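K.L.:
What follows is a structure written as structure tokens; I'll ask about it next.
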Amino acid sequence: MEEKVLILDFGGQYDQLIARRVRECRVYCEIRPWQTSLSEIKAFGPAAIIFTGGPHSVYAPGAPDADPGVFRLGVPILGICYGCQLLAARLGGEVIPAGEDRAREYGRTETTFSTDDPLFRGLPEQSAVWMSHGDFIARLPAGFRSIARSAGCPSAAICDEKRRFYGVQFHPEVRHTEYGAAILRNFLYEICDLHGTWTMGGYRERAAAELREKIGSGRVLLALSGGVDSSVCAALLAEAVGDRLSCVFVDHGFLRKNEGDEVEAAFAGRGANFIRVNAEERFLRKLMRVQQPEAKRKRIGEEFIRVFEEESRKLGRMDFLAQGTIYPDVIESGLGSAAVIKSHHNVGGLPDAVDFREIVEPLRLLFKDEVRALGRELGLPESLVSRQPFPGPGLAIRVIGPVTKEKLDTLREADAIFREELEKAGLGASTAQYFAVLTNLRSVGVMGDGRSYDRAIALRAVETEDFMTADWARLPFDVLDRVSGRIVNEVKGVNRVLYDITSKPPATVEFE
Ligand code: XMP
């Protein structure tokens with residue numbers, strides 16, 4: 001039987017991280033809202049339940065609560081922060097607001113652990129944890145004892161070993177808790193007796209079987225962008241339903257060097273119908289003399305939908321539309337019905353344009369690195385699986401101002417050199433995103449014996465975890481020097497290379 005953990009969401013800001021850490025222990029888990037009914041919980045069949053943190057007080061009227069039946073399921077429970085307080089309050093203990101004798105705790109806090117308890121097995125007796133709470137457990141429920149304490153909190157962790165109920169007042173899921181990952185691992189392996197059997201190989205088999213059952217003899221259409229998510233989605237569907245899948249790959253002419261051919265090569269021979277539409281000319285026509293970034297983006301989006309509609313009409317009626325929605329999209333859109341609305345946005349409003357019976361999203365429970373692992377498992381080339389983010393409008397928003405074929409070709413060459421040199425220097429994996437931009441600046445230079453008046457290429461490389469903020473990458477000067485030398489020598493029409501040293505904010509990652 002598959003080992004599954006249910007994470008009951010009480011509105012904590014780190015819930016996604018809890019799921020990440022559990023999956024890192026190779027245990028499958030899902031986040032569900034706290035209102036999930038007992039029968040739904042039973043149907044899910046968890047081997048353990050984790051209560052997340054949350055912004056409320058357990059004693060406040062209408063505070064989020066779990067169905068009391070969860071305490072009688074006989075499965076281990078770990079309560080984190082609010083979840084810990086909930087455990088204490090609902091099982092007969094007392095939770096009160098922090099007062100004069102008990103301080104609130106926020107941030108890194110030195111904590112002492114009972115290392116003979118399985119939750120803290122193998123840890124040093126003292127280390128830093130991340131606290132963020134204004135309430136206290138004043139009295140423990142019957143059967144519970146304290147197994148960790150900090151200066152302001154005598155019950156920083158509690159347990160009732162008999163029932164395997166554990167609570168931690170701090171957040172083991174965040175990196176600031178020094179041994180947080182080890183604590184979660186101990187809960188799963190030592191207390192719940194799980195074995196970490198969840199693998200991408202297993203996921204691949206199960207997901208393909210489920211897709212086969214759902215799709216039956218129906219036909220599926222997928223808009224393939226060549227990005228990681230839609231590529232992995234295509235490979236999984238091809239394995240499941242073969243030629244009942246049609247992938248429409250619209251090559252708008254704004255792709256990087258060799259990208260269109262790489263995508264095509266990856267999908268040739270997979271059994272699905274791969275349709276590449278070379279639409280460079282019509283996209284270029286749409287962008288002729290268009291200067292403003294937003295106007296470019298809008299025109300590209302609209303044209304994409306037109307091309308896609310034309311192709312899907314040619315294919316006749318399709319039953320399912322497949323999308324590469326992934327778990328963070330689902331979580332960020334609130335785990336409820338909003339998830340479906342958001343998923344439409346992934347393909348720029350396509351479902352409004354064409355009529356489908358249903359949407360299939362076979363990656364909707366996977367995190368990005370799991371999607372990459374699944375791609376490798378399915379035999380997709382590394383160049384496709386580990387690719388950095390690439391905007392839908394492509395190089396059209398990296399050519400500043402009006403786009404022409406000649407400018408795109410110049411940019412493609414410079415960009416390929418930059419990426420090649422960075423990868424050769426072993427910096428590819430550690431740099432979140434790196435690319436070249438063709439600026440609208442012309443400047444004077446001297447080449448050989450003559451004066452030049454050519455274009456300037458800007459190089460952009462950033463480090464970031466989430467792309468909401470980003471820091472410019474401190475690339476070594478010798479790498480930048482090699483890139484600059486090669487670009488001015490090898491790319492016609494370029495005589496100057498600039499390196500962007502602006503972070504986000506105030507700049508954005510892209511120039512347009
Ligand atoms: P910005 O420029 O907003 O970029 O700082 C943040 C991240 O988003 C990517 N990006 C896009 N991705 N369609 C996409 O799919 C777009 O229109 C788009 N614009 C920006 C950008 O490459 C970076 O990773």
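Identifiers in the structure tokens: chain A, B, ... in order shown; residue index from 1 per chain; ligand index from 1 in order shown.
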Any idea what's packed within 8 Å of A:Arg204, counting only C-alpha atoms, ignoring anything in its chain fewer than 5 positions away? Could you give it as a PyMOL selection string?
P.N.:
chain A and resi 236+374+377-378
K.L.:
If you run DSSP on the backbone, which residues of stretch 137-271 of chain A are strand (DSSP E or B), as a PyMOL selection string?
P.N.:
chain A and resi 137-139+145-150+153-160+165-168+220-223+245-251
K.L.:
Which protein, DNA or RNA residues have an atom within 10 Å of ligand 1, counting only C-alpha atoms and all ligand atoms, as number ranges by chain?
P.N.:
A: 225, 227, 294, 297-298, 300-301, 346-348, 388-394, 397-398, 432-435, 462, 464, 466-470, 503-512
K.L.:
Hey, can you spit out that residue selection with C-alpha atoms as a CSV table (one decimal), in the first residue's frame?
P.N.:
chain,number,residue,atom,x,y,z
A,225,SER,CA,5.4,25.4,-25.5
A,227,GLY,CA,8.9,24.6,-21.5
A,294,GLU,CA,2.7,45.5,-23.4
A,297,ARG,CA,2.9,40.8,-25.4
A,298,LYS,CA,-0.8,41.3,-26.2
A,300,ILE,CA,1.7,37.6,-29.4
A,301,GLY,CA,-0.8,36.2,-27.0
A,346,ASN,CA,-1.6,28.8,-18.1
A,347,VAL,CA,-2.4,28.5,-21.8
A,348,GLY,CA,-3.6,32.1,-22.3
A,388,GLN,CA,15.6,27.7,-17.2
A,389,PRO,CA,12.3,29.7,-17.3
A,390,PHE,CA,11.6,31.2,-20.7
A,391,PRO,CA,8.8,33.8,-21.2
A,392,GLY,CA,6.0,32.8,-23.5
A,393,PRO,CA,6.6,35.9,-25.8
A,394,GLY,CA,10.2,34.6,-26.1
A,397,ILE,CA,10.6,40.9,-25.4
A,398,ARG,CA,14.3,40.6,-25.4
A,432,ALA,CA,18.7,30.8,-11.9
A,433,GLN,CA,18.3,32.6,-15.2
A,434,TYR,CA,20.7,34.0,-17.8
A,435,PHE,CA,20.2,35.4,-21.2
A,462,VAL,CA,20.2,36.6,-11.9
A,464,THR,CA,16.7,33.9,-7.2
A,466,ASP,CA,11.1,32.5,-6.6
A,467,PHE,CA,11.6,35.1,-9.3
A,468,MET,CA,9.6,37.6,-7.3
A,469,THR,CA,12.8,39.2,-6.2
A,470,ALA,CA,16.2,38.6,-7.7
A,503,SER,CA,18.5,43.6,-9.0
A,504,LYS,CA,14.8,43.1,-8.8
A,505,PRO,CA,13.3,45.3,-7.5
A,506,PRO,CA,13.8,48.0,-8.8
A,507,ALA,CA,14.4,46.3,-12.2
A,508,THR,CA,12.6,43.2,-13.4
A,509,VAL,CA,14.3,40.1,-14.7
A,510,GLU,CA,13.2,40.7,-18.3
A,511,PHE,CA,13.8,44.1,-20.0
A,512,GLU,CA,10.3,44.4,-21.4
K.L.:
Might you pull out every residue within 12 Å of stretch 369-372 of chain A, with only C-alpha atoms counted and same-chain residues fewer than 5 positions away left off, and present them as a PyMOL selection string?
P.N.:
chain A and resi 20+23-24+26+28+198-201+203-204+227-236+324-328+362-364+377-388
K.L.:
Check stretch 137-240 of chain A with DSSP on the backbone and list each residue it calls alpha helix (DSSP H), as a VMD selection string.
P.N.:
chain A and resid 180 to 186 200 to 215 228 to 240
K.L.:
Just the residues within 7 Å of stretch 279-289 of chain A, please, counting only C-alpha atoms, with nothing from its chain fewer than 5 positions along; format it as a ChimeraX atom specification.
P.N.:
/A:250-253,296,299-300,303,402-404
K.L.:
Could you tell me how far atom CA of A:Tyr59 sits from atom CA of A:Ile80, in Å to one decimal place?
P.N.:
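One can read the atom CA of A:Ile80 to atom CA of A:Tyr59 distance as 16.6 Å.
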K.L.:
Quote the spacing between atom CA of A:Ala272 and atom CA of A:Ala238 in Å to one decimal place.
P.N.:
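Atom CA of A:Ala238 lies at a distance of 5.3 Å from atom CA of A:Ala272.
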K.L.:
At most 9 Å is the cut-off: for each residue in stretch 31-106 of chain A with any atom that close to an atom of stretch 142-148 of chain A, write down the nearest atom pair and the distance in Å rounded to one decimal, counting only C-alpha atoms, chain first then increasing number, as a Markdown table.
P.N.:
| residue | atom | partner | partner_atom | distance |
| --- | --- | --- | --- | --- |
| A:Ala88 | CA | A:Phe144 | CA | 8.7 |
| A:Leu91 | CA | A:Ala142 | CA | 7.8 |
| A:Gly92 | CA | A:Ala142 | CA | 7.0 |
| A:Gly93 | CA | A:Ala142 | CA | 7.5 |
K.L.:
With only C-alpha atoms as the counted atoms, please give the residues lying no more than 12 Å from A:Asp135, apart from itself and same-chain residues fewer than 3 positions off, as an MDAnalysis selection string.
P.N.:
chainID A and resid 54:60 81:86 88:89 94:99 102:106 131:132 138 152:153 155:156 169:170
K.L.:
What is the atom CA of A:Gln291 to atom CA of A:Ala473 distance in Å?
P.N.:
28.8 Å
K.L.:
Write out as number ranges by chain which residues come within 8 Å of stretch 177-186 of chain A when counting only C-alpha atoms, dropping same-chain ones fewer than 4 positions away.
P.N.:
A: 21-22, 25, 108, 118-121, 123, 127-130, 171-173, 190-191
K.L.:
Those selected residues, please, written with N, CA and C atoms and delivered as a PDB file, in the first residue's frame.
P.N.:
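Contents of the output file part.pdb:
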ATOM      1  N   ARG A  21       9.155  19.271   2.276  1.00  0.00           N
ATOM      2  CA  ARG A  21      10.044  18.498   3.152  1.00  0.00           C
ATOM      3  C   ARG A  21       9.575  17.038   3.258  1.00  0.00           C
ATOM      4  N   VAL A  22       8.264  16.846   3.332  1.00  0.00           N
ATOM      5  CA  VAL A  22       7.751  15.473   3.422  1.00  0.00           C
ATOM      6  C   VAL A  22       8.098  14.723   2.126  1.00  0.00           C
ATOM      7  N   CYS A  25      11.481  13.410   1.847  1.00  0.00           N
ATOM      8  CA  CYS A  25      11.683  12.128   2.546  1.00  0.00           C
ATOM      9  C   CYS A  25      11.077  10.981   1.734  1.00  0.00           C
ATOM     10  N   ARG A 108      14.647  33.225  15.458  1.00  0.00           N
ATOM     11  CA  ARG A 108      15.545  32.137  15.893  1.00  0.00           C
ATOM     12  C   ARG A 108      15.585  32.047  17.405  1.00  0.00           C
ATOM     13  N   PRO A 118      12.049   9.735  20.222  1.00  0.00           N
ATOM     14  CA  PRO A 118      12.298   9.441  18.796  1.00  0.00           C
ATOM     15  C   PRO A 118      12.200  10.667  17.879  1.00  0.00           C
ATOM     16  N   LEU A 119      11.421  11.687  18.263  1.00  0.00           N
ATOM     17  CA  LEU A 119      11.279  12.868  17.397  1.00  0.00           C
ATOM     18  C   LEU A 119      12.614  13.605  17.235  1.00  0.00           C
ATOM     19  N   PHE A 120      13.439  13.526  18.299  1.00  0.00           N
ATOM     20  CA  PHE A 120      14.695  14.278  18.278  1.00  0.00           C
ATOM     21  C   PHE A 120      15.910  13.361  18.256  1.00  0.00           C
ATOM     22  N   ARG A 121      15.695  12.118  17.893  1.00  0.00           N
ATOM     23  CA  ARG A 121      16.783  11.136  17.879  1.00  0.00           C
ATOM     24  C   ARG A 121      17.896  11.603  16.933  1.00  0.00           C
ATOM     25  N   LEU A 123      19.786  14.186  17.214  1.00  0.00           N
ATOM     26  CA  LEU A 123      20.035  15.635  17.197  1.00  0.00           C
ATOM     27  C   LEU A 123      20.922  16.028  18.379  1.00  0.00           C
ATOM     28  N   SER A 127      19.792  23.420  19.907  1.00  0.00           N
ATOM     29  CA  SER A 127      20.008  24.061  18.608  1.00  0.00           C
ATOM     30  C   SER A 127      18.929  25.124  18.398  1.00  0.00           C
ATOM     31  N   ALA A 128      19.054  25.859  17.279  1.00  0.00           N
ATOM     32  CA  ALA A 128      18.126  26.967  17.037  1.00  0.00           C
ATOM     33  C   ALA A 128      16.915  26.492  16.246  1.00  0.00           C
ATOM     34  N   VAL A 129      15.749  26.986  16.650  1.00  0.00           N
ATOM     35  CA  VAL A 129      14.524  26.705  15.894  1.00  0.00           C
ATOM     36  C   VAL A 129      13.882  28.030  15.509  1.00  0.00           C
ATOM     37  N   TRP A 130      12.932  27.979  14.583  1.00  0.00           N
ATOM     38  CA  TRP A 130      12.228  29.188  14.154  1.00  0.00           C
ATOM     39  C   TRP A 130      10.868  29.232  14.839  1.00  0.00           C
ATOM     40  N   HIS A 171       8.674  25.939  13.840  1.00  0.00           N
ATOM     41  CA  HIS A 171       8.442  25.518  12.450  1.00  0.00           C
ATOM     42  C   HIS A 171       9.609  24.672  11.924  1.00  0.00           C
ATOM     43  N   PRO A 172       9.475  23.346  11.943  1.00  0.00           N
ATOM     44  CA  PRO A 172      10.583  22.505  11.466  1.00  0.00           C
ATOM     45  C   PRO A 172      10.769  22.599   9.946  1.00  0.00           C
ATOM     46  N   GLU A 173       9.761  23.108   9.230  1.00  0.00           N
ATOM     47  CA  GLU A 173       9.818  23.116   7.767  1.00  0.00           C
ATOM     48  C   GLU A 173      10.703  24.226   7.201  1.00  0.00           C
ATOM     49  N   GLU A 190      10.659   7.322  12.196  1.00  0.00           N
ATOM     50  CA  GLU A 190      10.793   6.704  13.522  1.00  0.00           C
ATOM     51  C   GLU A 190       9.441   6.547  14.210  1.00  0.00           C
ATOM     52  N   ILE A 191       8.588   7.563  14.047  1.00  0.00           N
ATOM     53  CA  ILE A 191       7.325   7.530  14.785  1.00  0.00           C
ATOM     54  C   ILE A 191       6.209   6.876  13.961  1.00  0.00           C
TER      55      ILE A 191
END
K.L.:
List the spatial neighbours of A:Gly216 as an MDAnalysis selection string - criterion: any atom at most 12 Å away, only C-alpha atoms, same-chain residues fewer than 3 positions off excluded.
P.N.:
chainID A and resid 208:213 219:220 240:242 244:245 319:320
K.L.:
For A:Arg474, which of A:Thr431, A:Arg451, A:Arg442, A:Asn258 is the closest residue, counting only C-alpha atoms?
P.N.:
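When distances to A:Arg474 are compared using only C-alpha atoms, the smallest one comes from A:Thr431.
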K.L.:
Using only C-alpha atoms, find the one residue out of A:Tyr499, A:Phe477, A:Phe267, A:Phe51 that sits nearest to A:Ile18.
P.N.:
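Using only C-alpha atoms, the shortest distance to A:Ile18 belongs to A:Phe51.
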